[in-house]
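**Q** So I've got this file, input25.cif, and it contains mmCIF, N, CA and C atoms:
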data_run
#
loop_
_atom_site.group_PDB
_atom_site.id
_atom_site.type_symbol
_atom_site.label_atom_id
_atom_site.label_comp_id
_atom_site.auth_asym_id
_atom_site.auth_seq_id
_atom_site.Cartn_x
_atom_site.Cartn_y
_atom_site.Cartn_z
ATOM 1 N N MET A 27 47.398 37.286 48.420
ATOM 2 C CA MET A 27 47.248 38.086 49.597
ATOM 3 C C MET A 27 46.698 37.229 50.744
ATOM 4 N N LEU A 28 45.721 36.363 50.444
ATOM 5 C CA LEU A 28 45.164 35.513 51.495
ATOM 6 C C LEU A 28 46.205 34.544 52.049
ATOM 7 N N LEU A 29 47.085 34.085 51.191
ATOM 8 C CA LEU A 29 48.139 33.179 51.619
ATOM 9 C C LEU A 29 49.110 33.880 52.566
ATOM 10 N N PHE A 30 49.578 35.032 52.178
ATOM 11 C CA PHE A 30 50.585 35.733 52.974
ATOM 12 C C PHE A 30 50.012 36.361 54.242
ATOM 13 N N SER A 31 48.701 36.553 54.287
ATOM 14 C CA SER A 31 48.100 37.108 55.497
ATOM 15 C C SER A 31 47.649 36.018 56.468
ATOM 16 N N GLY A 32 47.823 34.746 56.086
ATOM 17 C CA GLY A 32 47.503 33.644 56.986
ATOM 18 C C GLY A 32 46.102 33.097 56.845
ATOM 19 N N TYR A 33 45.347 33.556 55.849
ATOM 20 C CA TYR A 33 43.981 33.056 55.656
ATOM 21 C C TYR A 33 43.919 31.835 54.750
ATOM 22 N N LEU A 34 45.058 31.404 54.238
ATOM 23 C CA LEU A 34 45.197 30.138 53.519
ATOM 24 C C LEU A 34 46.518 29.512 53.944
ATOM 25 N N ASN A 35 46.529 28.191 54.080
ATOM 26 C CA ASN A 35 47.745 27.465 54.422
ATOM 27 C C ASN A 35 48.193 26.631 53.230
ATOM 28 N N PRO A 36 49.465 26.767 52.808
ATOM 29 C CA PRO A 36 49.957 25.942 51.708
ATOM 30 C C PRO A 36 50.509 24.608 52.220
ATOM 31 N N LYS A 37 50.341 23.571 51.422
ATOM 32 C CA LYS A 37 50.940 22.276 51.718
ATOM 33 C C LYS A 37 51.510 21.748 50.406
ATOM 34 N N VAL A 38 52.782 21.408 50.406
ATOM 35 C CA VAL A 38 53.455 20.954 49.192
ATOM 36 C C VAL A 38 52.841 19.638 48.718
ATOM 37 N N GLN A 39 52.457 19.601 47.446
ATOM 38 C CA GLN A 39 51.969 18.372 46.829
ATOM 39 C C GLN A 39 53.060 17.762 45.946
ATOM 40 N N HIS A 40 53.626 18.608 45.066
ATOM 41 C CA HIS A 40 54.705 18.190 44.163
ATOM 42 C C HIS A 40 55.698 19.346 44.093
ATOM 43 N N ALA A 41 56.722 19.267 44.920
ATOM 44 C CA ALA A 41 57.677 20.369 45.027
ATOM 45 C C ALA A 41 58.373 20.664 43.706
ATOM 46 N N GLU A 42 58.728 19.631 42.966
ATOM 47 C CA GLU A 42 59.443 19.836 41.713
ATOM 48 C C GLU A 42 58.607 20.571 40.671
ATOM 49 N N GLU A 43 57.297 20.519 40.784
ATOM 50 C CA GLU A 43 56.394 21.196 39.847
ATOM 51 C C GLU A 43 55.759 22.445 40.464
ATOM 52 N N ASN A 44 56.149 22.791 41.683
ATOM 53 C CA ASN A 44 55.582 23.930 42.413
ATOM 54 C C ASN A 44 54.060 23.826 42.539
ATOM 55 N N ILE A 45 53.588 22.652 42.896
ATOM 56 C CA ILE A 45 52.154 22.429 43.085
ATOM 57 C C ILE A 45 51.874 22.312 44.583
ATOM 58 N N TYR A 46 50.933 23.131 45.048
ATOM 59 C CA TYR A 46 50.575 23.180 46.459
ATOM 60 C C TYR A 46 49.069 23.022 46.617
ATOM 61 N N ALA A 47 48.674 22.417 47.718
ATOM 62 C CA ALA A 47 47.271 22.380 48.109
ATOM 63 C C ALA A 47 47.074 23.517 49.098
ATOM 64 N N LEU A 48 45.956 24.196 48.978
ATOM 65 C CA LEU A 48 45.650 25.292 49.897
ATOM 66 C C LEU A 48 44.497 24.877 50.792
ATOM 67 N N SER A 49 44.596 25.226 52.068
ATOM 68 C CA SER A 49 43.520 24.914 53.002
ATOM 69 C C SER A 49 43.274 26.109 53.908
ATOM 70 N N ALA A 50 42.087 26.136 54.470
ATOM 71 C CA ALA A 50 41.736 27.186 55.423
ATOM 72 C C ALA A 50 42.415 26.872 56.762
ATOM 73 N N PRO A 51 42.857 27.889 57.486
ATOM 74 C CA PRO A 51 43.588 27.646 58.729
ATOM 75 C C PRO A 51 42.722 27.135 59.879
ATOM 76 N N ASN A 52 41.406 27.365 59.832
ATOM 77 C CA ASN A 52 40.533 26.902 60.908
ATOM 78 C C ASN A 52 39.088 26.799 60.411
ATOM 79 N N ARG A 53 38.209 26.252 61.268
ATOM 80 C CA ARG A 53 36.812 26.034 60.873
ATOM 81 C C ARG A 53 36.067 27.324 60.564
ATOM 82 N N GLU A 54 36.336 28.367 61.329
ATOM 83 C CA GLU A 54 35.630 29.630 61.118
ATOM 84 C C GLU A 54 35.944 30.211 59.742
ATOM 85 N N VAL A 55 37.218 30.221 59.389
ATOM 86 C CA VAL A 55 37.618 30.738 58.073
ATOM 87 C C VAL A 55 37.077 29.835 56.969
ATOM 88 N N ARG A 56 37.129 28.529 57.158
ATOM 89 C CA ARG A 56 36.601 27.586 56.171
ATOM 90 C C ARG A 56 35.108 27.837 55.938
ATOM 91 N N HIS A 57 34.367 28.044 57.019
ATOM 92 C CA HIS A 57 32.929 28.309 56.893
ATOM 93 C C HIS A 57 32.679 29.599 56.102
ATOM 94 N N ILE A 58 33.439 30.628 56.392
ATOM 95 C CA ILE A 58 33.281 31.897 55.668
ATOM 96 C C ILE A 58 33.570 31.704 54.195
ATOM 97 N N TYR A 59 34.666 30.999 53.878
ATOM 98 C CA TYR A 59 34.994 30.741 52.473
ATOM 99 C C TYR A 59 33.866 29.975 51.781
ATOM 100 N N GLN A 60 33.399 28.922 52.422
ATOM 101 C CA GLN A 60 32.359 28.101 51.810
ATOM 102 C C GLN A 60 31.080 28.908 51.587
ATOM 103 N N ALA A 61 30.666 29.653 52.583
ATOM 104 C CA ALA A 61 29.433 30.430 52.460
ATOM 105 C C ALA A 61 29.571 31.539 51.422
ATOM 106 N N ARG A 62 30.667 32.269 51.460
ATOM 107 C CA ARG A 62 30.865 33.383 50.520
ATOM 108 C C ARG A 62 31.050 32.903 49.096
ATOM 109 N N ILE A 63 31.849 31.865 48.925
ATOM 110 C CA ILE A 63 32.083 31.352 47.571
ATOM 111 C C ILE A 63 30.792 30.783 47.010
ATOM 112 N N LEU A 64 30.062 30.023 47.812
ATOM 113 C CA LEU A 64 28.788 29.471 47.352
ATOM 114 C C LEU A 64 27.839 30.589 46.947
ATOM 115 N N GLN A 65 27.703 31.590 47.781
ATOM 116 C CA GLN A 65 26.803 32.701 47.479
ATOM 117 C C GLN A 65 27.246 33.446 46.225
ATOM 118 N N TRP A 66 28.534 33.749 46.110
ATOM 119 C CA TRP A 66 29.033 34.507 44.973
ATOM 120 C C TRP A 66 28.863 33.727 43.671
ATOM 121 N N VAL A 67 29.261 32.453 43.678
ATOM 122 C CA VAL A 67 29.182 31.649 42.455
ATOM 123 C C VAL A 67 27.733 31.423 42.038
ATOM 124 N N THR A 68 26.875 31.078 42.977
ATOM 125 C CA THR A 68 25.485 30.829 42.609
ATOM 126 C C THR A 68 24.805 32.099 42.120
ATOM 127 N N ASP A 69 25.157 33.243 42.705
ATOM 128 C CA ASP A 69 24.598 34.515 42.232
ATOM 129 C C ASP A 69 25.115 34.864 40.844
ATOM 130 N N LYS A 70 26.426 34.776 40.644
ATOM 131 C CA LYS A 70 27.030 35.172 39.373
ATOM 132 C C LYS A 70 26.654 34.238 38.233
ATOM 133 N N LEU A 71 26.560 32.943 38.514
ATOM 134 C CA LEU A 71 26.249 31.974 37.463
ATOM 135 C C LEU A 71 24.759 31.672 37.370
ATOM 136 N N ASP A 72 23.981 32.278 38.250
ATOM 137 C CA ASP A 72 22.533 32.089 38.263
ATOM 138 C C ASP A 72 22.157 30.605 38.332
ATOM 139 N N ILE A 73 22.738 29.916 39.324
ATOM 140 C CA ILE A 73 22.441 28.506 39.548
ATOM 141 C C ILE A 73 22.104 28.316 41.020
ATOM 142 N N ASP A 74 21.413 27.213 41.327
ATOM 143 C CA ASP A 74 21.117 26.936 42.727
ATOM 144 C C ASP A 74 22.268 26.150 43.352
ATOM 145 N N SER A 75 22.236 25.991 44.655
ATOM 146 C CA SER A 75 23.358 25.368 45.362
ATOM 147 C C SER A 75 23.556 23.906 44.963
ATOM 148 N N SER A 76 22.490 23.185 44.632
ATOM 149 C CA SER A 76 22.664 21.785 44.228
ATOM 150 C C SER A 76 23.410 21.681 42.905
ATOM 151 N N ARG A 77 23.131 22.587 41.963
ATOM 152 C CA ARG A 77 23.884 22.596 40.703
ATOM 153 C C ARG A 77 25.328 22.976 40.950
ATOM 154 N N TYR A 78 25.580 23.877 41.894
ATOM 155 C CA TYR A 78 26.955 24.255 42.242
ATOM 156 C C TYR A 78 27.715 23.046 42.773
ATOM 157 N N TYR A 79 27.130 22.331 43.739
ATOM 158 C CA TYR A 79 27.819 21.182 44.327
ATOM 159 C C TYR A 79 28.026 20.076 43.299
ATOM 160 N N SER A 80 27.071 19.875 42.413
ATOM 161 C CA SER A 80 27.223 18.898 41.340
ATOM 162 C C SER A 80 28.383 19.282 40.427
ATOM 163 N N PHE A 81 28.473 20.555 40.119
ATOM 164 C CA PHE A 81 29.526 21.085 39.248
ATOM 165 C C PHE A 81 30.891 21.014 39.925
ATOM 166 N N ILE A 82 30.995 21.495 41.144
ATOM 167 C CA ILE A 82 32.284 21.582 41.819
ATOM 168 C C ILE A 82 32.812 20.208 42.223
ATOM 169 N N SER A 83 31.944 19.229 42.393
ATOM 170 C CA SER A 83 32.391 17.883 42.774
ATOM 171 C C SER A 83 33.164 17.192 41.656
ATOM 172 N N LEU A 84 33.100 17.729 40.450
ATOM 173 C CA LEU A 84 33.844 17.141 39.336
ATOM 174 C C LEU A 84 35.358 17.287 39.536
ATOM 175 N N LEU A 85 35.791 18.367 40.190
ATOM 176 C CA LEU A 85 37.229 18.594 40.381
ATOM 177 C C LEU A 85 37.887 17.523 41.254
ATOM 178 N N PRO A 86 37.424 17.308 42.498
ATOM 179 C CA PRO A 86 38.092 16.285 43.310
ATOM 180 C C PRO A 86 37.928 14.876 42.742
ATOM 181 N N ALA A 87 36.917 14.677 41.900
ATOM 182 C CA ALA A 87 36.720 13.368 41.276
ATOM 183 C C ALA A 87 37.672 13.177 40.092
ATOM 184 N N GLY A 88 38.428 14.227 39.750
ATOM 185 C CA GLY A 88 39.390 14.127 38.658
ATOM 186 C C GLY A 88 38.783 14.227 37.274
ATOM 187 N N LYS A 89 37.540 14.680 37.194
ATOM 188 C CA LYS A 89 36.849 14.793 35.907
ATOM 189 C C LYS A 89 37.062 16.200 35.338
ATOM 190 N N ILE A 90 38.304 16.467 34.964
ATOM 191 C CA ILE A 90 38.719 17.806 34.562
ATOM 192 C C ILE A 90 38.027 18.243 33.268
ATOM 193 N N GLU A 91 37.936 17.369 32.288
ATOM 194 C CA GLU A 91 37.289 17.735 31.017
ATOM 195 C C GLU A 91 35.813 18.061 31.234
ATOM 196 N N ALA A 92 35.137 17.259 32.036
ATOM 197 C CA ALA A 92 33.722 17.522 32.329
ATOM 198 C C ALA A 92 33.583 18.850 33.068
ATOM 199 N N PHE A 93 34.501 19.118 34.013
ATOM 200 C CA PHE A 93 34.484 20.384 34.735
ATOM 201 C C PHE A 93 34.662 21.552 33.777
ATOM 202 N N LYS A 94 35.636 21.451 32.875
ATOM 203 C CA LYS A 94 35.883 22.529 31.909
ATOM 204 C C LYS A 94 34.656 22.778 31.025
ATOM 205 N N GLU A 95 34.029 21.701 30.569
ATOM 206 C CA GLU A 95 32.839 21.844 29.721
ATOM 207 C C GLU A 95 31.698 22.516 30.478
ATOM 208 N N ARG A 96 31.452 22.081 31.723
ATOM 209 C CA ARG A 96 30.383 22.680 32.525
ATOM 210 C C ARG A 96 30.683 24.134 32.844
ATOM 211 N N LEU A 97 31.954 24.433 33.173
ATOM 212 C CA LEU A 97 32.339 25.802 33.470
ATOM 213 C C LEU A 97 32.133 26.685 32.251
ATOM 214 N N GLN A 98 32.555 26.216 31.094
ATOM 215 C CA GLN A 98 32.377 26.999 29.870
ATOM 216 C C GLN A 98 30.900 27.260 29.605
ATOM 217 N N ALA A 99 30.066 26.244 29.752
ATOM 218 C CA ALA A 99 28.633 26.424 29.528
ATOM 219 C C ALA A 99 28.039 27.405 30.530
ATOM 220 N N LEU A 100 28.422 27.284 31.798
ATOM 221 C CA LEU A 100 27.906 28.192 32.813
ATOM 222 C C LEU A 100 28.332 29.628 32.533
ATOM 223 N N LEU A 101 29.582 29.825 32.159
ATOM 224 C CA LEU A 101 30.071 31.176 31.891
ATOM 225 C C LEU A 101 29.417 31.778 30.656
ATOM 226 N N LEU A 102 29.245 30.987 29.623
ATOM 227 C CA LEU A 102 28.602 31.499 28.415
ATOM 228 C C LEU A 102 27.152 31.896 28.681
ATOM 229 N N ASN A 103 26.485 31.146 29.539
ATOM 230 C CA ASN A 103 25.082 31.440 29.838
ATOM 231 C C ASN A 103 24.904 32.556 30.850
ATOM 232 N N SER A 104 25.959 32.871 31.608
ATOM 233 C CA SER A 104 25.785 33.843 32.678
ATOM 234 C C SER A 104 26.451 35.186 32.408
ATOM 235 N N THR A 105 27.261 35.294 31.378
ATOM 236 C CA THR A 105 27.933 36.562 31.112
ATOM 237 C C THR A 105 27.203 37.334 30.029
ATOM 238 N N SER A 106 27.358 38.625 30.082
ATOM 239 C CA SER A 106 26.704 39.479 29.095
ATOM 240 C C SER A 106 27.745 40.071 28.160
ATOM 241 N N PHE A 107 27.284 40.698 27.099
ATOM 242 C CA PHE A 107 28.164 41.367 26.156
ATOM 243 C C PHE A 107 29.009 42.416 26.873
ATOM 244 N N HIS A 108 28.434 43.098 27.830
ATOM 245 C CA HIS A 108 29.156 44.163 28.535
ATOM 246 C C HIS A 108 30.302 43.617 29.391
ATOM 247 N N GLN A 109 30.218 42.340 29.787
ATOM 248 C CA GLN A 109 31.286 41.735 30.562
ATOM 249 C C GLN A 109 32.378 41.147 29.675
ATOM 250 N N THR A 110 32.004 40.700 28.477
ATOM 251 C CA THR A 110 32.970 40.004 27.634
ATOM 252 C C THR A 110 33.315 40.757 26.360
ATOM 253 N N GLY A 111 32.542 41.770 26.001
ATOM 254 C CA GLY A 111 32.846 42.599 24.834
ATOM 255 C C GLY A 111 32.677 41.871 23.525
ATOM 256 N N GLU A 112 33.485 42.244 22.573
ATOM 257 C CA GLU A 112 33.387 41.728 21.213
ATOM 258 C C GLU A 112 33.554 40.229 21.130
ATOM 259 N N LYS A 113 34.352 39.652 22.004
ATOM 260 C CA LYS A 113 34.647 38.227 21.933
ATOM 261 C C LYS A 113 33.364 37.393 21.967
ATOM 262 N N LYS A 114 32.455 37.691 22.902
ATOM 263 C CA LYS A 114 31.223 36.911 22.999
ATOM 264 C C LYS A 114 30.307 37.211 21.814
ATOM 265 N N ARG A 115 30.234 38.463 21.380
ATOM 266 C CA ARG A 115 29.405 38.815 20.237
ATOM 267 C C ARG A 115 29.865 38.052 19.001
ATOM 268 N N ASN A 116 31.162 37.991 18.779
ATOM 269 C CA ASN A 116 31.700 37.263 17.635
ATOM 270 C C ASN A 116 31.414 35.772 17.740
ATOM 271 N N TYR A 117 31.455 35.219 18.945
ATOM 272 C CA TYR A 117 31.148 33.807 19.153
ATOM 273 C C TYR A 117 29.716 33.519 18.715
ATOM 274 N N PHE A 118 28.770 34.380 19.137
ATOM 275 C CA PHE A 118 27.384 34.149 18.765
ATOM 276 C C PHE A 118 27.166 34.302 17.269
ATOM 277 N N ILE A 119 27.863 35.209 16.626
ATOM 278 C CA ILE A 119 27.741 35.362 15.175
ATOM 279 C C ILE A 119 28.223 34.111 14.483
ATOM 280 N N VAL A 120 29.342 33.546 14.930
ATOM 281 C CA VAL A 120 29.876 32.324 14.334
ATOM 282 C C VAL A 120 28.914 31.159 14.550
ATOM 283 N N VAL A 121 28.350 31.040 15.755
ATOM 284 C CA VAL A 121 27.425 29.959 16.059
ATOM 285 C C VAL A 121 26.169 30.061 15.212
ATOM 286 N N LEU A 122 25.689 31.255 14.973
ATOM 287 C CA LEU A 122 24.468 31.445 14.205
ATOM 288 C C LEU A 122 24.655 31.200 12.712
ATOM 289 N N CYS A 123 25.864 31.312 12.217
ATOM 290 C CA CYS A 123 26.116 31.146 10.774
ATOM 291 C C CYS A 123 26.126 29.710 10.341
#
Would you write the structure of this file as structure tokens?
**A**
Amino acid sequence: MLLFSGYLNPKVQHAEENIYALSAPNREVRHIYQARILQWVTDKLDIDSSRYYSFISLLPAGKIEAFKERLQALLLNSTSFHQTGEKKRNYFIVVLC
């Protein structure tokens, strides 16, 4: 929806693989995205902004495995049974055994 309404601009990276880079159309929109995403992620994952920037900087550095590991750890520590249901409960039972 953001793409088609003009709040994101696509730029072809690899046309044959349908890979695009998305960017904000202007500074005002970019600032809103940065502020809102930072606030939402830090609130939901219960981390401070320095941990967020440390975590998110792994992506442009190409450290995908490290990013996946950190994301998994953050999600496991920040989600509750009510958000994930039986899946998380079963994970903890397996870990405890």
**Q** If I take atom C of Trp66 in chain A and atom N of Ala50 in chain A, how far is one from the other in Å, to one decimal?
**A**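 A separation of 18.7 Å between them.
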**Q** Exactly which residues make up the result of the PyMOL selection byres (((chain A and resi 53-62 and name CA) around 12) and name CA) on this file, given as an MDAnalysis selection string?
**A** chainID A and resid 28 32:35 48:52 63:70 75 78:79 82
**Q** What is the CA of Lys89 in chain A to CA of Glu42 in chain A distance in Å?
**A**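 Separation of CA of Lys89 in chain A and CA of Glu42 in chain A: 23.9 Å.
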**Q** To one decimal place in Å, what is the distance between CA of Met27 in chain A and atom C of Glu43 in chain A?
**A**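 Distance reported for this atom pair: 20.0 Å.
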**Q** Around range 59-74 of chain A, with edges along x, y and z and 6 Å added on all six sides, what centre and edge lengths do you get, in Å to one decimal, as JSON?
**A**
{"center_x": 28.1, "center_y": 30.7, "center_z": 45.6, "size_x": 25.9, "size_y": 21.0, "size_z": 28.5}
**Q** Tell me, which residues of range 35-105 of chain A carry DSSP alpha helix (DSSP H), written as a ChimeraX atom specification?
**A** /A:53-71,75-82,90-104
**Q** Taking the DSSP secondary structure from the backbone, can you list the residues of chain A that are strand (DSSP E), as JSON, numbers by chain?
**A** {"A": [35, 36, 37, 38, 39, 40, 45, 46, 47, 48, 49]}
**Q** If you keep N, CA and C atoms, can you produce a file of those selected residues as an mmCIF file, in the coordinates of the input?
**A**
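Final file, out13.cif:
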data_model
loop_
_atom_site.group_PDB
_atom_site.id
_atom_site.type_symbol
_atom_site.label_atom_id
_atom_site.label_comp_id
_atom_site.auth_asym_id
_atom_site.auth_seq_id
_atom_site.Cartn_x
_atom_site.Cartn_y
_atom_site.Cartn_z
ATOM 1 N N ASN A 35 46.529 28.191 54.080
ATOM 2 C CA ASN A 35 47.745 27.465 54.422
ATOM 3 C C ASN A 35 48.193 26.631 53.230
ATOM 4 N N PRO A 36 49.465 26.767 52.808
ATOM 5 C CA PRO A 36 49.957 25.942 51.708
ATOM 6 C C PRO A 36 50.509 24.608 52.220
ATOM 7 N N LYS A 37 50.341 23.571 51.422
ATOM 8 C CA LYS A 37 50.940 22.276 51.718
ATOM 9 C C LYS A 37 51.510 21.748 50.406
ATOM 10 N N VAL A 38 52.782 21.408 50.406
ATOM 11 C CA VAL A 38 53.455 20.954 49.192
ATOM 12 C C VAL A 38 52.841 19.638 48.718
ATOM 13 N N GLN A 39 52.457 19.601 47.446
ATOM 14 C CA GLN A 39 51.969 18.372 46.829
ATOM 15 C C GLN A 39 53.060 17.762 45.946
ATOM 16 N N HIS A 40 53.626 18.608 45.066
ATOM 17 C CA HIS A 40 54.705 18.190 44.163
ATOM 18 C C HIS A 40 55.698 19.346 44.093
ATOM 19 N N ILE A 45 53.588 22.652 42.896
ATOM 20 C CA ILE A 45 52.154 22.429 43.085
ATOM 21 C C ILE A 45 51.874 22.312 44.583
ATOM 22 N N TYR A 46 50.933 23.131 45.048
ATOM 23 C CA TYR A 46 50.575 23.180 46.459
ATOM 24 C C TYR A 46 49.069 23.022 46.617
ATOM 25 N N ALA A 47 48.674 22.417 47.718
ATOM 26 C CA ALA A 47 47.271 22.380 48.109
ATOM 27 C C ALA A 47 47.074 23.517 49.098
ATOM 28 N N LEU A 48 45.956 24.196 48.978
ATOM 29 C CA LEU A 48 45.650 25.292 49.897
ATOM 30 C C LEU A 48 44.497 24.877 50.792
ATOM 31 N N SER A 49 44.596 25.226 52.068
ATOM 32 C CA SER A 49 43.520 24.914 53.002
ATOM 33 C C SER A 49 43.274 26.109 53.908
#
**Q** Which is closer to Ser104 in chain A than all the others in A:Ala92, A:Leu84, A:Ile45, A:Leu71, using all atoms listed in the file?
**A** A:Leu71
**Q** List the neighbours of Phe93 in chain A out to 10 Å using only C-alpha atoms; skip same-chain residues closer than 3 positions along the sequence, and give me the result as an NGL selection string.
**A** :A and (80-85 or 87-90 or 96-99)
